[in-house]
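Engineer: Sharing protein27.tsv, TSV, C-alpha atoms and all ligand atoms:
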chain	number	residue	atom	x	y	z
A	1	GLU	CA	-23.17	-98.34	96.86
A	2	VAL	CA	-20.96	-100.32	94.54
A	3	ILE	CA	-22.75	-102.56	92.03
A	4	CYS	CA	-19.83	-103.87	90.04
A	5	GLU	CA	-16.15	-103.94	90.88
A	6	ALA	CA	-13.13	-105.13	88.91
A	7	LYS	CA	-10.00	-105.96	90.90
A	8	ASN	CA	-6.70	-106.40	89.10
A	9	LEU	CA	-8.39	-107.90	86.06
A	10	VAL	CA	-6.11	-109.44	83.47
A	11	LYS	CA	-7.04	-111.13	80.19
A	12	HIS	CA	-4.37	-112.50	77.89
A	13	TYR	CA	-5.21	-114.30	74.66
A	14	PRO	CA	-2.82	-116.71	73.00
A	15	LEU	CA	-1.46	-115.17	69.84
A	16	HIS	CA	-2.26	-117.09	66.67
A	17	GLY	CA	-0.36	-116.80	63.41
A	18	THR	CA	1.94	-113.92	62.71
A	19	GLY	CA	0.34	-111.18	64.74
A	20	PHE	CA	2.10	-108.05	65.74
A	21	GLY	CA	2.04	-105.81	68.80
A	22	SER	CA	2.53	-108.74	71.13
A	23	ARG	CA	5.17	-109.94	73.51
A	24	ALA	CA	5.82	-113.52	74.57
A	25	GLY	CA	3.10	-114.84	72.27
A	26	VAL	CA	0.12	-113.29	74.00
A	27	VAL	CA	-2.29	-110.46	73.30
A	28	ARG	CA	-2.56	-108.44	76.47
A	29	ALA	CA	-6.19	-107.46	75.95
A	30	VAL	CA	-6.77	-106.36	79.56
A	31	GLU	CA	-3.87	-105.64	81.87
A	32	ASP	CA	-4.39	-105.08	85.60
A	33	VAL	CA	-7.64	-103.12	85.50
A	34	SER	CA	-9.36	-102.08	88.74
A	35	PHE	CA	-12.40	-99.85	89.05
A	36	SER	CA	-15.94	-99.87	90.36
A	37	ILE	CA	-19.34	-98.66	89.24
A	38	ALA	CA	-21.89	-97.32	91.70
A	39	ARG	CA	-25.63	-97.97	91.59
A	40	ARG	CA	-27.38	-95.84	88.94
A	41	GLU	CA	-24.09	-94.59	87.60
A	42	VAL	CA	-23.31	-94.30	83.89
A	43	PHE	CA	-19.66	-95.25	83.54
A	44	ALA	CA	-18.38	-94.63	80.03
A	45	LEU	CA	-15.44	-96.69	78.86
A	46	VAL	CA	-13.65	-95.03	75.96
A	47	GLY	CA	-10.49	-95.66	73.99
A	48	GLU	CA	-9.39	-96.54	70.50
A	49	SER	CA	-10.31	-99.76	68.74
A	50	GLY	CA	-8.48	-102.81	70.08
A	51	CYS	CA	-7.57	-101.34	73.49
A	52	GLY	CA	-9.59	-103.95	75.40
A	53	LYS	CA	-12.97	-102.32	76.06
A	54	SER	CA	-15.15	-105.19	74.80
A	55	THR	CA	-13.02	-107.75	76.56
A	56	LEU	CA	-13.39	-105.86	79.82
A	57	GLY	CA	-17.17	-105.69	79.31
A	58	ARG	CA	-17.36	-109.45	78.72
A	59	LEU	CA	-15.23	-110.12	81.81
A	60	LEU	CA	-17.56	-108.05	84.00
A	61	LEU	CA	-20.50	-110.22	82.87
A	62	ARG	CA	-18.55	-113.47	83.17
A	63	LEU	CA	-19.04	-114.18	79.48
A	64	GLU	CA	-15.32	-114.94	79.64
A	65	GLU	CA	-13.08	-115.91	82.51
A	66	PRO	CA	-10.24	-113.60	83.43
A	67	SER	CA	-6.63	-114.84	83.25
A	68	SER	CA	-6.36	-113.44	86.76
A	69	GLY	CA	-8.12	-110.95	88.99
A	70	HIS	CA	-11.68	-110.75	90.23
A	71	VAL	CA	-15.08	-109.30	89.43
A	72	PHE	CA	-17.51	-108.55	92.24
A	73	PHE	CA	-21.19	-108.00	91.52
A	74	GLU	CA	-23.23	-106.63	94.41
A	75	GLY	CA	-20.32	-107.59	96.63
A	76	LYS	CA	-20.09	-111.22	95.50
A	77	ASP	CA	-17.06	-112.60	93.70
A	78	LEU	CA	-18.43	-114.02	90.43
A	79	GLU	CA	-15.84	-116.77	90.62
A	80	SER	CA	-17.47	-118.09	93.80
A	81	LEU	CA	-20.98	-118.34	92.33
A	82	SER	CA	-22.59	-121.70	91.59
A	83	ALA	CA	-24.03	-122.42	88.14
A	84	ARG	CA	-27.47	-121.67	89.59
A	85	GLU	CA	-26.26	-118.33	90.96
A	86	ILE	CA	-24.66	-117.43	87.63
A	87	PHE	CA	-28.03	-118.14	85.97
A	88	GLN	CA	-29.66	-115.68	88.39
A	89	PHE	CA	-26.84	-113.18	87.87
A	90	ARG	CA	-27.70	-113.24	84.14
A	91	ARG	CA	-31.13	-111.80	84.94
A	92	ARG	CA	-29.53	-108.89	86.75
A	93	ALA	CA	-26.78	-108.06	84.27
A	94	GLN	CA	-27.29	-107.80	80.51
A	95	ILE	CA	-25.26	-106.81	77.47
A	96	ILE	CA	-26.15	-105.26	74.15
A	97	TYR	CA	-23.78	-105.23	71.21
A	98	GLN	CA	-23.01	-103.02	68.29
A	99	ASP	CA	-24.65	-104.93	65.47
A	100	PRO	CA	-28.46	-105.08	65.59
A	101	TYR	CA	-28.54	-107.08	62.35
A	102	SER	CA	-26.84	-110.22	63.64
A	103	ALA	CA	-28.40	-109.95	67.12
A	104	LEU	CA	-31.90	-111.00	66.07
A	105	ASN	CA	-32.82	-114.40	64.65
A	106	PRO	CA	-34.42	-113.54	61.28
A	107	ARG	CA	-36.88	-116.44	61.48
A	108	LYS	CA	-38.48	-115.35	64.75
A	109	LYS	CA	-41.13	-112.69	65.28
A	110	ILE	CA	-40.27	-109.66	67.38
A	111	GLY	CA	-42.67	-110.69	70.14
A	112	GLN	CA	-41.09	-114.11	70.34
A	113	LEU	CA	-37.57	-112.63	70.42
A	114	ILE	CA	-38.43	-110.32	73.30
A	115	GLU	CA	-40.28	-113.07	75.15
A	116	GLU	CA	-37.39	-115.55	74.93
A	117	PRO	CA	-35.49	-114.51	78.07
A	118	LEU	CA	-38.78	-114.55	80.00
A	119	VAL	CA	-39.47	-118.11	78.86
A	120	ILE	CA	-35.93	-119.25	79.67
A	121	HIS	CA	-36.22	-117.83	83.18
A	122	ARG	CA	-39.81	-119.13	83.61
A	123	TRP	CA	-41.15	-115.65	84.17
A	124	GLY	CA	-44.95	-115.34	84.45
A	125	SER	CA	-47.78	-116.98	82.56
A	126	ALA	CA	-48.22	-116.77	78.79
A	127	ALA	CA	-50.70	-113.91	79.27
A	128	GLU	CA	-48.38	-112.06	81.64
A	129	ARG	CA	-45.52	-112.46	79.21
A	130	ARG	CA	-47.61	-111.09	76.35
A	131	GLU	CA	-48.44	-108.06	78.48
A	132	LYS	CA	-44.78	-107.64	79.43
A	133	VAL	CA	-43.74	-107.75	75.77
A	134	ALA	CA	-46.30	-105.04	74.93
A	135	ASP	CA	-44.99	-102.92	77.80
A	136	LEU	CA	-41.38	-103.37	76.66
A	137	LEU	CA	-42.26	-102.45	73.05
A	138	HIS	CA	-43.94	-99.33	74.35
A	139	ARG	CA	-40.93	-98.42	76.52
A	140	VAL	CA	-38.58	-98.52	73.54
A	141	GLY	CA	-40.92	-96.57	71.29
A	142	LEU	CA	-42.40	-99.40	69.22
A	143	ARG	CA	-46.05	-100.46	68.81
A	144	PRO	CA	-47.79	-103.56	70.19
A	145	ASP	CA	-48.53	-104.84	66.67
A	146	HIS	CA	-44.80	-104.86	65.91
A	147	ALA	CA	-44.68	-108.07	67.96
A	148	GLU	CA	-46.12	-109.93	64.97
A	149	ARG	CA	-43.46	-108.77	62.52
A	150	TYR	CA	-40.03	-110.10	61.60
A	151	PRO	CA	-36.63	-108.40	62.05
A	152	HIS	CA	-36.15	-107.73	58.31
A	153	GLU	CA	-39.13	-105.38	58.41
A	154	PHE	CA	-37.23	-102.99	60.70
A	155	SER	CA	-34.46	-100.44	60.24
A	156	GLY	CA	-31.16	-100.60	62.13
A	157	GLY	CA	-32.32	-98.11	64.75
A	158	GLN	CA	-35.59	-99.98	65.28
A	159	ARG	CA	-33.73	-103.28	65.55
A	160	GLN	CA	-31.50	-101.82	68.23
A	161	ARG	CA	-34.69	-100.80	70.08
A	162	ILE	CA	-35.84	-104.42	69.89
A	163	VAL	CA	-32.46	-105.61	71.19
A	164	ILE	CA	-32.77	-103.15	74.08
A	165	ALA	CA	-36.32	-104.33	74.86
A	166	ARG	CA	-35.10	-107.92	75.04
A	167	ALA	CA	-32.17	-106.97	77.28
A	168	LEU	CA	-34.56	-105.23	79.68
A	169	ALA	CA	-37.18	-108.00	79.76
A	170	LEU	CA	-35.97	-109.48	83.05
A	171	ASN	CA	-35.62	-106.11	84.80
A	172	PRO	CA	-31.83	-106.10	85.02
A	173	ILE	CA	-30.05	-103.57	87.22
A	174	PHE	CA	-26.81	-103.47	85.20
A	175	LEU	CA	-26.42	-103.07	81.44
A	176	VAL	CA	-23.21	-103.25	79.44
A	177	ALA	CA	-23.80	-101.31	76.20
A	178	ASP	CA	-20.93	-102.22	73.87
A	179	GLU	CA	-20.82	-99.61	71.08
A	180	PRO	CA	-24.64	-99.64	70.94
A	181	VAL	CA	-24.93	-96.97	68.25
A	182	SER	CA	-21.70	-97.39	66.27
A	183	ALA	CA	-23.39	-99.41	63.52
A	184	LEU	CA	-26.26	-96.95	63.10
A	185	ASP	CA	-26.66	-93.98	60.78
A	186	VAL	CA	-25.43	-90.84	62.47
A	187	SER	CA	-28.95	-89.34	62.19
A	188	ILE	CA	-30.34	-92.27	64.21
A	189	GLN	CA	-27.59	-92.44	66.84
A	190	ALA	CA	-28.89	-89.57	68.98
A	191	GLN	CA	-32.37	-91.14	69.13
A	192	VAL	CA	-31.06	-94.43	70.46
A	193	ILE	CA	-28.74	-92.66	72.92
A	194	ASN	CA	-31.68	-90.59	74.18
A	195	LEU	CA	-33.71	-93.76	74.60
A	196	LEU	CA	-30.92	-95.43	76.59
A	197	GLU	CA	-30.65	-92.33	78.75
A	198	GLU	CA	-34.42	-92.25	79.44
A	199	LEU	CA	-34.46	-95.94	80.28
A	200	GLN	CA	-31.52	-95.53	82.63
A	201	GLU	CA	-33.52	-93.02	84.64
A	202	GLN	CA	-36.92	-94.72	84.42
A	203	MET	CA	-35.65	-98.19	85.26
A	204	LYS	CA	-32.94	-97.05	87.70
A	205	LEU	CA	-30.24	-98.81	85.68
A	206	THR	CA	-26.48	-98.83	86.07
A	207	TYR	CA	-24.52	-98.67	82.79
A	208	LEU	CA	-21.12	-99.56	81.52
A	209	PHE	CA	-21.28	-97.68	78.24
A	210	ILE	CA	-18.50	-98.64	75.83
A	211	SER	CA	-17.60	-96.37	72.94
A	212	HIS	CA	-14.59	-95.47	70.85
A	213	ASP	CA	-16.17	-92.05	70.42
A	214	LEU	CA	-16.09	-89.67	73.36
A	215	ARG	CA	-18.79	-87.55	71.73
A	216	VAL	CA	-21.29	-90.42	71.93
A	217	VAL	CA	-21.01	-90.61	75.72
A	218	GLN	CA	-20.52	-86.91	76.33
A	219	HIS	CA	-24.09	-86.19	77.37
A	220	MET	CA	-25.02	-89.33	79.25
A	221	ALA	CA	-21.86	-90.28	81.13
A	222	HIS	CA	-21.41	-89.50	84.79
A	223	ARG	CA	-17.89	-90.84	84.95
A	224	ILE	CA	-15.42	-91.67	82.19
A	225	GLY	CA	-12.65	-94.25	82.05
A	226	VAL	CA	-10.04	-94.17	79.32
A	227	MET	CA	-8.38	-97.39	78.18
A	228	TYR	CA	-5.09	-97.57	76.34
A	229	LEU	CA	-3.35	-100.81	75.36
A	230	GLY	CA	-5.33	-102.88	77.84
A	231	ARG	CA	-4.93	-100.54	80.75
A	232	LEU	CA	-7.37	-98.14	82.36
A	233	VAL	CA	-5.11	-95.11	82.24
A	234	GLU	CA	-7.47	-92.43	83.49
A	235	THR	CA	-10.81	-92.20	85.27
A	236	GLY	CA	-12.71	-89.21	86.50
A	237	PRO	CA	-16.01	-87.37	86.53
A	238	LYS	CA	-17.22	-86.22	83.14
A	239	GLU	CA	-16.63	-82.60	84.07
A	240	ALA	CA	-12.89	-83.29	84.22
A	241	PHE	CA	-12.96	-84.32	80.55
A	242	PHE	CA	-15.17	-81.56	79.21
A	243	GLN	CA	-13.98	-78.37	80.79
A	244	GLU	CA	-15.43	-75.09	79.71
A	245	PRO	CA	-12.87	-73.06	77.77
A	301	LIG	P1	-11.93	-102.96	71.84
A	301	LIG	O1	-13.26	-103.39	72.34
A	301	LIG	O2	-11.34	-101.82	72.62
A	301	LIG	O3	-11.93	-102.70	70.37
A	301	LIG	P2	-11.18	-105.72	72.26
A	301	LIG	O4	-11.47	-106.01	73.69
A	301	LIG	O5	-12.17	-106.18	71.24
A	301	LIG	O6	-10.90	-104.16	72.10
A	301	LIG	O7	-9.78	-106.34	71.87
A	301	LIG	C1	-8.60	-106.12	72.63
A	301	LIG	C2	-7.48	-106.94	72.04
A	301	LIG	O8	-7.73	-108.30	72.32
A	301	LIG	C3	-7.36	-106.82	70.53
A	301	LIG	O9	-5.99	-106.94	70.22
A	301	LIG	C4	-8.15	-108.01	70.03
A	301	LIG	O10	-7.70	-108.43	68.77
A	301	LIG	C5	-7.84	-109.04	71.11
A	301	LIG	N1	-8.94	-110.01	71.28
A	301	LIG	C6	-10.21	-109.74	71.64
A	301	LIG	N2	-10.94	-110.86	71.72
A	301	LIG	C7	-10.10	-111.87	71.41
A	301	LIG	C8	-10.26	-113.28	71.32
A	301	LIG	N3	-11.43	-113.88	71.57
A	301	LIG	N4	-9.17	-114.01	70.96
A	301	LIG	C9	-8.00	-113.41	70.72
A	301	LIG	N5	-7.77	-112.10	70.79
A	301	LIG	C10	-8.82	-111.33	71.13
A	302	LIG	P1	-14.89	-104.71	68.58
A	302	LIG	O1	-13.73	-103.87	68.15
A	302	LIG	O2	-16.21	-104.02	68.39
A	302	LIG	O3	-14.74	-105.30	69.92
A	302	LIG	P2	-13.88	-106.81	66.93
A	302	LIG	O4	-14.17	-106.82	65.47
A	302	LIG	O5	-12.56	-106.40	67.46
A	302	LIG	O6	-15.03	-105.93	67.58
A	302	LIG	O7	-14.20	-108.24	67.54
A	302	LIG	C1	-15.37	-108.95	67.22
A	302	LIG	C2	-15.31	-110.30	67.92
A	302	LIG	O8	-14.13	-111.01	67.51
A	302	LIG	C3	-15.23	-110.19	69.43
A	302	LIG	O9	-16.06	-111.17	70.01
A	302	LIG	C4	-13.78	-110.45	69.78
A	302	LIG	O10	-13.64	-111.13	71.01
A	302	LIG	C5	-13.33	-111.34	68.66
A	302	LIG	N1	-11.93	-111.07	68.33
A	302	LIG	C6	-11.35	-109.87	68.20
A	302	LIG	N2	-10.05	-109.99	67.92
A	302	LIG	C7	-9.80	-111.33	67.86
A	302	LIG	C8	-8.64	-112.11	67.61
A	302	LIG	N3	-7.45	-111.55	67.37
A	302	LIG	N4	-8.76	-113.44	67.63
A	302	LIG	C9	-9.95	-114.00	67.87
A	302	LIG	N5	-11.07	-113.34	68.13
A	302	LIG	C10	-11.00	-112.00	68.12
Hey, can you dump this file as structure tokens for me?
Ligand code: ADP
Ligand code: ADP

Structural biologist:
Amino acid sequence: EVICEAKNLVKHYPLHGTGFGSRAGVVRAVEDVSFSIARREVFALVGESGCGKSTLGRLLLRLEEPSSGHVFFEGKDLESLSAREIFQFRRRAQIIYQDPYSALNPRKKIGQLIEEPLVIHRWGSAAERREKVADLLHRVGLRPDHAERYPHEFSGGQRQRIVIARALALNPIFLVADEPVSALDVSIQAQVINLLEELQEQMKLTYLFISHDLRVVQHMAHRIGVMYLGRLVETGPKEAFFQEP
């Protein structure tokens, strides 16, 4: 069952200043990309910096509009959704970014940060939300009393756990993880990857996992797509990319 499908997606940005690598004054960030992700699949999108991975991730979540082409989520063309339906779509599809330092408002407590999406979507009573926050903290390996602390009291790896807890608050089915461990110490990266892998199984999630580093996705990925200069040049099962010698 297909959860998310891109059909002939194109995103061109106008070129400002004296850039290079462009033709006709545009940056061809995404160029005619088609693929789909099945329910509970981990689709890893790899490729070197600047090849269009983040742009593609943002297009799939309608954080940007494509220049042309379509995105279907659970069979519905995102372009055809009303504002109300897009609001509901945002419960089902979440994104986490690379930098856990800029992702969390330093003046808000952890509990408040995780509760925010629940408040915005009018989920539950205050007591139910408090319970949900405690459950989410537990799921990502933090303690209930951490809810009363501020972001600066946490390390990069812990902050990324908080970001993940917030992304999962509304029980999404689809998560775009855009270089989720690239800003973390190498010693911490495996812990956060393991957490994402556990959560994917426990919460029956579907992932688009973006990374410039094939090694990061090696264990978790089911399928791999390689981007090069805006195009998806190769896709296949992980086994095709990591053959035994
Ligand atoms: P990646 O995630 O693979 O590093 P990006 O999707 O961030 O690649 O970028 C692809 C190309 O599009 C790059 O040339 C980048 O500079 C350009 N780009 C990305 N976002 C914008 C934007 N908002 N405005 C203009 N150019 C952009
Ligand atoms: P990444 O490689 O992790 O995608 P970047 O540093 O390329 O991160 O981009 C960070 C942000 O800046 C993104 O939101 C991207 O859309 C935007 N961006 C990237 N390139 C450009 C550009 N040439 N012009 C304007 N915005 C850009």

Engineer: Hey, which residues sit close to ligand LIG 301 (chain A)? Say within 7 Å, counting all atoms listed in the file, and write them as a list in words.

Structural biologist: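 If we count all atoms listed in the file, the neighbours of ligand LIG 301 (chain A) turn out to be Tyr13, Pro14, Leu15, Val27, Arg28, Ala29, Gly47, Glu48, Ser49, Gly50, Cys51, Gly52, Lys53, Ser54, Thr55, Leu56 and Gly230 of chain A.
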
Engineer: So how many Å separate CA of Ser36 (chain A) and CA of Val140 (chain A), to one decimal?

Structural biologist: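 Distance between the two atoms: 28.2 Å.
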
Engineer: Which residues are close to region 172-185 of chain A, i.e. within 9 Å by all atoms listed in the file, leaving aside same-chain residues fewer than 6 positions away? Reply as a ChimeraX atom specification.

Structural biologist: /A:3-4,39-40,53-54,57-58,60-61,90-100,156-157,160,192-193,203-213,216

Engineer: Which polymer residues, whether protein, DNA or RNA, lie within 7 Å of the coordinate (-7.0, -98.4, 84.7) when you count all atoms listed in the file? List them as a list in words, using the chain letters and numbers from the file.

Structural biologist: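 Returned residue set, sorted by chain then number, is Val33, Ser34, Met227, Arg231, Leu232, Val233 and Glu234 of chain A.
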
Engineer: Write the selection just made, keeping C-alpha atoms, as a compact mmCIF listing (two decimals), in the frame of the given file?

Structural biologist:
# COMPACT_ATOMS: atom_id res chain seq x y z
CA VAL A 33 -7.64 -103.12 85.50
CA SER A 34 -9.36 -102.08 88.74
CA MET A 227 -8.38 -97.39 78.18
CA ARG A 231 -4.93 -100.54 80.75
CA LEU A 232 -7.37 -98.14 82.36
CA VAL A 233 -5.11 -95.11 82.24
CA GLU A 234 -7.47 -92.43 83.49

Engineer: Specify the axis-aligned box that encloses all atoms of ligand LIG 302 (chain A) listed in the file after padding of 5 Å on each side, stating its centre and edge lengths in Å to one decimal as AutoDock Vina command-line options.

Structural biologist:
--center_x -11.8 --center_y -108.9 --center_z 68.2 --size_x 18.8 --size_y 20.1 --size_z 15.5

Engineer: Find the spatial neighbours of Phe87 (chain A), counting all atoms listed in the file, within a cut-off of 12 Å - ignore same-chain residues fewer than 6 positions away - and output them as an MDAnalysis selection string.

Structural biologist: chainID A and resid 61:63 78 81 93:94 117 120:121

Engineer: One decimal, Å: what's the distance from CA of Phe89 (chain A) over to atom N3 of ligand LIG 302 (chain A), could you say?

Structural biologist: 28.3 Å

Engineer: A:His70, A:Arg107, A:Lys132, A:Arg215: which is nearest His152 (chain A), counting only C-alpha atoms?

Structural biologist: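 When distances to His152 (chain A) are compared using only C-alpha atoms, the smallest one comes from A:Arg107.
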
Engineer: Between A:Glu198, A:Glu64, A:Glu5, A:Asp32, which residue has the minimum interatomic distance to ligand LIG 302 (chain A), considering all atoms listed in the file?

Structural biologist: A:Glu64

Engineer: Just give me the gap between CA of Glu239 (chain A) and CA of Ala221 (chain A) in Å, one decimal is fine.

Structural biologist: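 These two atoms are separated by 9.7 Å.
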
Engineer: With a distance cut-off of 9 Å and only C-alpha atoms, select the neighbouring residues of Ser67 (chain A), excluding the residue or stretch itself and same-chain residues fewer than 4 positions from it, and output the selection as a compact mmCIF listing (two decimals) with C-alpha atoms, in the frame of the given file.

Structural biologist:
# COMPACT_ATOMS: atom_id res chain seq x y z
CA LEU A 9 -8.39 -107.90 86.06
CA VAL A 10 -6.11 -109.44 83.47
CA LYS A 11 -7.04 -111.13 80.19
CA HIS A 12 -4.37 -112.50 77.89
CA TYR A 13 -5.21 -114.30 74.66

Engineer: May I ask which of the residues A:Gly141, A:Val133, A:Ala127, A:Ile224 is the closest one to Gly111 (chain A), counting only C-alpha atoms?

Structural biologist: A:Val133

Engineer: Between A:Val46, A:Leu136, A:Ile86, A:Ala6, which has the minimum distance to Leu59 (chain A) (counting all atoms listed in the file)?

Structural biologist: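 For Leu59 (chain A), the nearest of the candidates is A:Ala6.
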
Engineer: Hey, which of A:Lys108, A:Glu131, A:Leu113, A:Glu65 ends up closest to Ile164 (chain A)? Count only C-alpha atoms.

Structural biologist: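 Closest candidate: A:Leu113.
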
Engineer: Rank A:Leu104, A:Ala190, A:Ala126, A:Ile114 by their smallest atom-to-atom distance to Phe154 (chain A), using only C-alpha atoms, and report the top residue only.

Structural biologist: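 Of A:Leu104, A:Ala190, A:Ala126, A:Ile114, the one nearest Phe154 (chain A) is A:Leu104, counting only C-alpha atoms.
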